[in-house]
>>> print(open('work31.txt').read())   # compact mmCIF, C-alpha atoms
# COMPACT_ATOMS: atom_id res chain seq x y z
CA MET G 1 129.42 198.12 195.73
CA ASP G 2 127.14 200.13 197.94
CA LYS G 3 124.07 198.24 199.23
CA LYS G 4 121.59 200.61 197.58
CA LEU G 5 123.26 200.17 194.17
CA VAL G 6 123.42 196.39 194.65
CA SER G 7 119.71 196.33 195.41
CA GLU G 8 118.89 198.53 192.41
CA ARG G 9 120.97 196.38 190.03
CA ALA G 10 119.51 193.20 191.51
CA HIS G 11 116.00 194.45 190.76
CA GLN G 12 117.03 195.37 187.21
CA LEU G 13 118.65 191.96 186.69
CA GLU G 14 115.61 190.14 188.07
CA SER G 15 113.37 192.15 185.76
CA ALA G 16 115.58 191.39 182.75
CA ILE G 17 115.61 187.66 183.53
CA ARG G 18 111.83 187.60 184.01
CA SER G 19 111.33 189.56 180.81
CA LEU G 20 113.49 187.16 178.81
CA LYS G 21 111.72 184.14 180.29
CA HIS G 22 108.31 185.52 179.37
CA THR G 23 109.29 186.17 175.75
CA LYS G 24 109.56 182.41 175.18
CA PHE G 25 112.05 183.41 172.49
CA ILE G 26 113.84 180.09 172.54
CA THR G 27 110.81 177.80 172.67
CA THR G 28 108.34 179.56 170.41
CA ASP G 29 107.29 177.32 167.52
CA LYS G 30 104.21 175.76 165.97
CA SER G 31 104.59 172.27 167.47
CA GLY G 32 101.85 172.73 170.05
CA LEU G 33 104.07 171.06 172.65
CA ARG G 34 104.72 172.39 176.14
CA ASP G 35 108.20 173.80 176.70
CA SER G 36 108.99 170.92 179.05
CA GLU G 37 107.99 168.39 176.37
CA LYS G 38 110.23 170.12 173.85
CA TYR G 39 113.17 169.91 176.23
CA ILE G 40 112.50 166.20 176.77
CA LEU G 41 112.43 165.56 173.02
CA LEU G 42 115.71 167.43 172.60
CA MET G 43 117.21 165.55 175.53
CA LEU G 44 116.15 162.18 174.11
CA ALA G 45 117.74 163.13 170.80
CA THR G 46 121.09 163.91 172.43
CA LEU G 47 121.36 161.61 175.47
CA ASN G 48 123.18 158.37 174.67
CA ASP G 49 123.50 159.49 171.02
CA GLY G 50 119.73 159.16 170.60
CA GLN G 51 119.66 155.54 171.77
CA PRO G 52 117.01 154.37 174.28
CA VAL G 53 117.50 155.62 177.83
CA MET G 54 115.90 155.12 181.22
CA PRO G 55 113.46 157.86 182.24
CA SER G 56 115.60 158.47 185.35
CA GLU G 57 118.52 159.51 183.11
CA VAL G 58 116.35 162.20 181.51
CA ALA G 59 115.07 163.31 184.93
CA ASN G 60 118.62 163.58 186.27
CA LYS G 61 119.85 165.51 183.25
CA LEU G 62 116.95 167.98 183.38
CA ASP G 63 117.08 168.11 187.20
CA VAL G 64 113.40 167.25 187.64
CA THR G 65 111.57 164.44 189.40
CA LEU G 66 111.00 161.06 187.80
CA ALA G 67 107.26 161.61 188.29
CA ALA G 68 107.40 164.76 186.18
CA ILE G 69 109.29 162.96 183.41
CA THR G 70 106.84 160.06 183.52
CA HIS G 71 103.92 162.45 183.15
CA HIS G 72 105.48 164.11 180.10
CA ILE G 73 106.60 160.81 178.59
CA ASN G 74 103.00 159.60 178.83
CA ALA G 75 101.78 162.71 176.99
CA LEU G 76 104.51 162.42 174.35
CA GLY G 77 103.69 158.73 173.94
CA GLU G 78 100.02 159.53 173.33
CA GLN G 79 101.12 161.86 170.53
CA GLY G 80 103.29 159.15 169.00
CA LEU G 81 106.55 161.03 169.67
CA VAL G 82 108.19 158.57 172.08
CA SER G 83 108.02 154.86 172.64
CA ARG G 84 108.71 152.57 175.56
CA ALA G 85 110.39 149.19 175.50
CA ALA G 86 111.75 146.76 178.05
CA SER G 87 115.52 146.65 178.33
CA PRO G 88 116.95 143.58 176.60
CA GLU G 89 119.31 143.09 179.58
CA ASP G 90 116.68 143.43 182.30
CA ARG G 91 113.01 143.26 181.33
CA ARG G 92 112.05 145.09 184.52
CA VAL G 93 113.80 148.22 183.21
CA VAL G 94 111.82 150.45 180.87
CA LEU G 95 113.68 152.38 178.18
CA ILE G 96 112.31 155.32 176.27
CA SER G 97 113.27 156.54 172.84
CA LEU G 98 112.07 158.85 170.12
CA SER G 99 109.74 157.45 167.50
CA SER G 100 110.51 158.45 163.92
CA LYS G 101 107.88 161.20 164.28
CA GLY G 102 109.55 162.30 167.54
CA ALA G 103 113.00 162.29 165.93
CA ASP G 104 111.67 164.48 163.11
CA MET G 105 110.13 166.86 165.66
CA ALA G 106 113.38 166.98 167.67
CA ARG G 107 115.36 167.82 164.50
CA SER G 108 112.91 170.59 163.69
CA LEU G 109 113.07 171.99 167.24
CA LYS G 110 116.87 171.84 167.26
CA LYS G 111 117.06 173.60 163.88
CA SER G 112 114.69 176.35 165.07
CA TYR G 113 116.52 176.70 168.39
CA TRP G 114 119.92 176.91 166.69
CA LYS G 115 118.64 179.51 164.21
CA LYS G 116 117.47 181.67 167.11
CA ILE G 117 120.76 181.28 169.00
CA CYS G 118 122.71 182.25 165.86
CA GLY G 119 120.34 185.20 165.47
CA ILE G 120 121.23 186.39 168.97
CA VAL G 121 124.95 186.18 168.14
CA GLU G 122 124.46 188.10 164.90
CA PHE G 123 122.29 190.71 166.64
CA LEU G 124 124.78 191.26 169.46
CA GLY G 125 127.91 191.02 167.36
CA ASP G 126 131.16 189.32 168.29
CA LYS G 127 132.21 191.54 171.21
CA ASP G 128 128.85 191.60 173.01
CA SER G 129 128.25 187.88 172.30
CA PHE G 130 131.58 187.00 173.89
CA GLU G 131 130.83 189.24 176.87
CA LEU G 132 127.41 187.61 177.29
CA ILE G 133 128.99 184.14 177.19
CA THR G 134 131.57 185.19 179.77
CA LEU G 135 128.94 186.67 182.08
CA MET G 136 126.57 183.72 181.75
CA THR G 137 129.43 181.33 182.51
CA LYS G 138 130.27 183.35 185.63
CA ILE G 139 126.60 183.38 186.69
CA SER G 140 126.36 179.63 186.23
CA ALA G 141 129.48 179.08 188.33
CA TYR G 142 128.14 181.40 191.04
CA VAL G 143 124.73 179.68 191.14
CA LYS G 144 126.38 176.24 191.40
CA GLN G 145 128.71 177.46 194.14
CA ALA G 146 125.90 179.21 196.05
CA GLY G 147 123.69 176.13 195.76
CA ALA G 148 126.42 173.97 197.28
CA LYS G 149 126.49 176.07 200.46
>>> encode(input="work31.txt", output="structure tokens")
Amino acid sequence: MDKKLVSERAHQLESAIRSLKHTKFITTDKSGLRDSEKYILLMLATLNDGQPVMPSEVANKLDVTLAAITHHINALGEQGLVSRAASPEDRRVVLISLSSKGADMARSLKKSYWKKICGIVEFLGDKDSFELITLMTKISAYVKQAGAK
């Protein structure tokens, strides 16, 4: 591709990505939670089949710092959505898990999220959905490869 066309397409792609991010299409709901808190609830519901996990496991999975997770876990704990407990194997280790209120919220978020994802597939149709999946998979592979350099 010619450099001018690459630059033009890169600007268009950047604009499209920014536009999608700002729509908050995936995370819009009435929970009042920050997007990051929603992701943590969803992660706690899926990691280790919903069993208690160490905060560092959540941080690693979401690729954020432990300090950031701790901050959000504190906020979620104040709202009664997560709880902390000492590990039965090693009392120095803190485990976090969803409270029943948090599990209900995570189910609601997951249901809403899945409905929106299915809506995208229906809107795009089979051919365009498959093409989008293919392209996003390629982009993910490229970003991982470029990040390793």
>>> closest_residue(input="work31.txt", among="G:Ile17, G:Leu76, G:Ala67, G:Ala10", to="G:Gly102", atoms="all atoms listed in the file")
G:Leu76
>>> closest_residue(input="work31.txt", among="G:Thr65, G:Gln51, G:Ser15, G:Ser112", to="G:Ser99", atoms="all atoms listed in the file")
G:Gln51
>>> residues_near_point(input="work31.txt", point="(108.7, 147.9, 178.8)", cutoff="12 Å", atoms="all atoms listed in the file", output="VMD selection string")
chain G and resid 52 to 55 83 to 97
>>> atom_distance(input="work31.txt", atom1="atom CA of G:Gly119", atom2="atom CA of G:Asp29")
15.4 Å
>>> atom_distance(input="work31.txt", atom1="atom CA of G:Ala45", atom2="atom CA of G:Lys115")
17.7 Å
>>> atom_distance(input="work31.txt", atom1="atom CA of G:Ile73", atom2="atom CA of G:Leu41")
9.4 Å
>>> build_atoms(input="work31.txt", residues="stretch 47-76 of chain G", atoms="N, CA and C atoms", output="PDB file, keeping the file's coordinate frame")
ATOM      1  N   LEU G  47     120.874 162.556 174.455  1.00  0.00           N
ATOM      2  CA  LEU G  47     121.360 161.610 175.470  1.00  0.00           C
ATOM      3  C   LEU G  47     121.691 160.275 174.811  1.00  0.00           C
ATOM      4  N   ASN G  48     122.817 159.706 175.157  1.00  0.00           N
ATOM      5  CA  ASN G  48     123.180 158.370 174.670  1.00  0.00           C
ATOM      6  C   ASN G  48     123.135 158.296 173.141  1.00  0.00           C
ATOM      7  N   ASP G  49     123.505 159.401 172.489  1.00  0.00           N
ATOM      8  CA  ASP G  49     123.500 159.490 171.020  1.00  0.00           C
ATOM      9  C   ASP G  49     122.159 159.096 170.416  1.00  0.00           C
ATOM     10  N   GLY G  50     121.072 159.431 171.116  1.00  0.00           N
ATOM     11  CA  GLY G  50     119.730 159.160 170.600  1.00  0.00           C
ATOM     12  C   GLY G  50     119.258 157.738 170.811  1.00  0.00           C
ATOM     13  N   GLN G  51     120.062 156.918 171.491  1.00  0.00           N
ATOM     14  CA  GLN G  51     119.660 155.540 171.770  1.00  0.00           C
ATOM     15  C   GLN G  51     118.710 155.518 172.970  1.00  0.00           C
ATOM     16  N   PRO G  52     117.944 154.441 173.151  1.00  0.00           N
ATOM     17  CA  PRO G  52     117.010 154.370 174.280  1.00  0.00           C
ATOM     18  C   PRO G  52     117.697 154.606 175.626  1.00  0.00           C
ATOM     19  N   VAL G  53     116.989 155.297 176.503  1.00  0.00           N
ATOM     20  CA  VAL G  53     117.500 155.620 177.830  1.00  0.00           C
ATOM     21  C   VAL G  53     116.418 155.372 178.874  1.00  0.00           C
ATOM     22  N   MET G  54     116.861 155.249 180.121  1.00  0.00           N
ATOM     23  CA  MET G  54     115.900 155.120 181.220  1.00  0.00           C
ATOM     24  C   MET G  54     115.324 156.515 181.521  1.00  0.00           C
ATOM     25  N   PRO G  55     114.061 156.566 181.880  1.00  0.00           N
ATOM     26  CA  PRO G  55     113.460 157.860 182.240  1.00  0.00           C
ATOM     27  C   PRO G  55     114.249 158.583 183.339  1.00  0.00           C
ATOM     28  N   SER G  56     114.838 157.844 184.253  1.00  0.00           N
ATOM     29  CA  SER G  56     115.600 158.470 185.350  1.00  0.00           C
ATOM     30  C   SER G  56     116.809 159.238 184.811  1.00  0.00           C
ATOM     31  N   GLU G  57     117.394 158.786 183.699  1.00  0.00           N
ATOM     32  CA  GLU G  57     118.520 159.510 183.110  1.00  0.00           C
ATOM     33  C   GLU G  57     118.067 160.887 182.609  1.00  0.00           C
ATOM     34  N   VAL G  58     116.895 160.925 182.000  1.00  0.00           N
ATOM     35  CA  VAL G  58     116.350 162.200 181.510  1.00  0.00           C
ATOM     36  C   VAL G  58     116.034 163.097 182.705  1.00  0.00           C
ATOM     37  N   ALA G  59     115.409 162.534 183.733  1.00  0.00           N
ATOM     38  CA  ALA G  59     115.070 163.310 184.930  1.00  0.00           C
ATOM     39  C   ALA G  59     116.325 163.897 185.566  1.00  0.00           C
ATOM     40  N   ASN G  60     117.372 163.092 185.684  1.00  0.00           N
ATOM     41  CA  ASN G  60     118.620 163.580 186.270  1.00  0.00           C
ATOM     42  C   ASN G  60     119.231 164.693 185.430  1.00  0.00           C
ATOM     43  N   LYS G  61     119.247 164.514 184.137  1.00  0.00           N
ATOM     44  CA  LYS G  61     119.850 165.510 183.250  1.00  0.00           C
ATOM     45  C   LYS G  61     119.088 166.831 183.289  1.00  0.00           C
ATOM     46  N   LEU G  62     117.766 166.763 183.356  1.00  0.00           N
ATOM     47  CA  LEU G  62     116.950 167.980 183.380  1.00  0.00           C
ATOM     48  C   LEU G  62     116.714 168.488 184.806  1.00  0.00           C
ATOM     49  N   ASP G  63     117.218 167.741 185.797  1.00  0.00           N
ATOM     50  CA  ASP G  63     117.080 168.110 187.200  1.00  0.00           C
ATOM     51  C   ASP G  63     115.614 168.293 187.600  1.00  0.00           C
ATOM     52  N   VAL G  64     114.811 167.277 187.250  1.00  0.00           N
ATOM     53  CA  VAL G  64     113.400 167.250 187.640  1.00  0.00           C
ATOM     54  C   VAL G  64     113.107 165.870 188.228  1.00  0.00           C
ATOM     55  N   THR G  65     111.920 165.720 188.786  1.00  0.00           N
ATOM     56  CA  THR G  65     111.570 164.440 189.400  1.00  0.00           C
ATOM     57  C   THR G  65     111.224 163.408 188.325  1.00  0.00           C
ATOM     58  N   LEU G  66     111.375 162.159 188.692  1.00  0.00           N
ATOM     59  CA  LEU G  66     111.000 161.060 187.800  1.00  0.00           C
ATOM     60  C   LEU G  66     109.505 161.107 187.505  1.00  0.00           C
ATOM     61  N   ALA G  67     108.714 161.501 188.497  1.00  0.00           N
ATOM     62  CA  ALA G  67     107.260 161.610 188.290  1.00  0.00           C
ATOM     63  C   ALA G  67     106.933 162.624 187.199  1.00  0.00           C
ATOM     64  N   ALA G  68     107.638 163.741 187.204  1.00  0.00           N
ATOM     65  CA  ALA G  68     107.400 164.760 186.180  1.00  0.00           C
ATOM     66  C   ALA G  68     107.755 164.228 184.793  1.00  0.00           C
ATOM     67  N   ILE G  69     108.878 163.524 184.697  1.00  0.00           N
ATOM     68  CA  ILE G  69     109.290 162.960 183.410  1.00  0.00           C
ATOM     69  C   ILE G  69     108.264 161.926 182.947  1.00  0.00           C
ATOM     70  N   THR G  70     107.827 161.089 183.860  1.00  0.00           N
ATOM     71  CA  THR G  70     106.840 160.060 183.520  1.00  0.00           C
ATOM     72  C   THR G  70     105.571 160.693 182.967  1.00  0.00           C
ATOM     73  N   HIS G  71     105.118 161.743 183.614  1.00  0.00           N
ATOM     74  CA  HIS G  71     103.920 162.450 183.150  1.00  0.00           C
ATOM     75  C   HIS G  71     104.098 162.944 181.718  1.00  0.00           C
ATOM     76  N   HIS G  72     105.232 163.574 181.446  1.00  0.00           N
ATOM     77  CA  HIS G  72     105.480 164.110 180.100  1.00  0.00           C
ATOM     78  C   HIS G  72     105.714 163.002 179.081  1.00  0.00           C
ATOM     79  N   ILE G  73     106.376 161.937 179.494  1.00  0.00           N
ATOM     80  CA  ILE G  73     106.600 160.810 178.590  1.00  0.00           C
ATOM     81  C   ILE G  73     105.259 160.188 178.188  1.00  0.00           C
ATOM     82  N   ASN G  74     104.338 160.103 179.139  1.00  0.00           N
ATOM     83  CA  ASN G  74     103.000 159.600 178.830  1.00  0.00           C
ATOM     84  C   ASN G  74     102.329 160.465 177.765  1.00  0.00           C
ATOM     85  N   ALA G  75     102.393 161.782 177.948  1.00  0.00           N
ATOM     86  CA  ALA G  75     101.780 162.710 176.990  1.00  0.00           C
ATOM     87  C   ALA G  75     102.455 162.608 175.628  1.00  0.00           C
ATOM     88  N   LEU G  76     103.783 162.534 175.613  1.00  0.00           N
ATOM     89  CA  LEU G  76     104.510 162.420 174.350  1.00  0.00           C
ATOM     90  C   LEU G  76     104.227 161.084 173.675  1.00  0.00           C
TER      91      LEU G  76
END
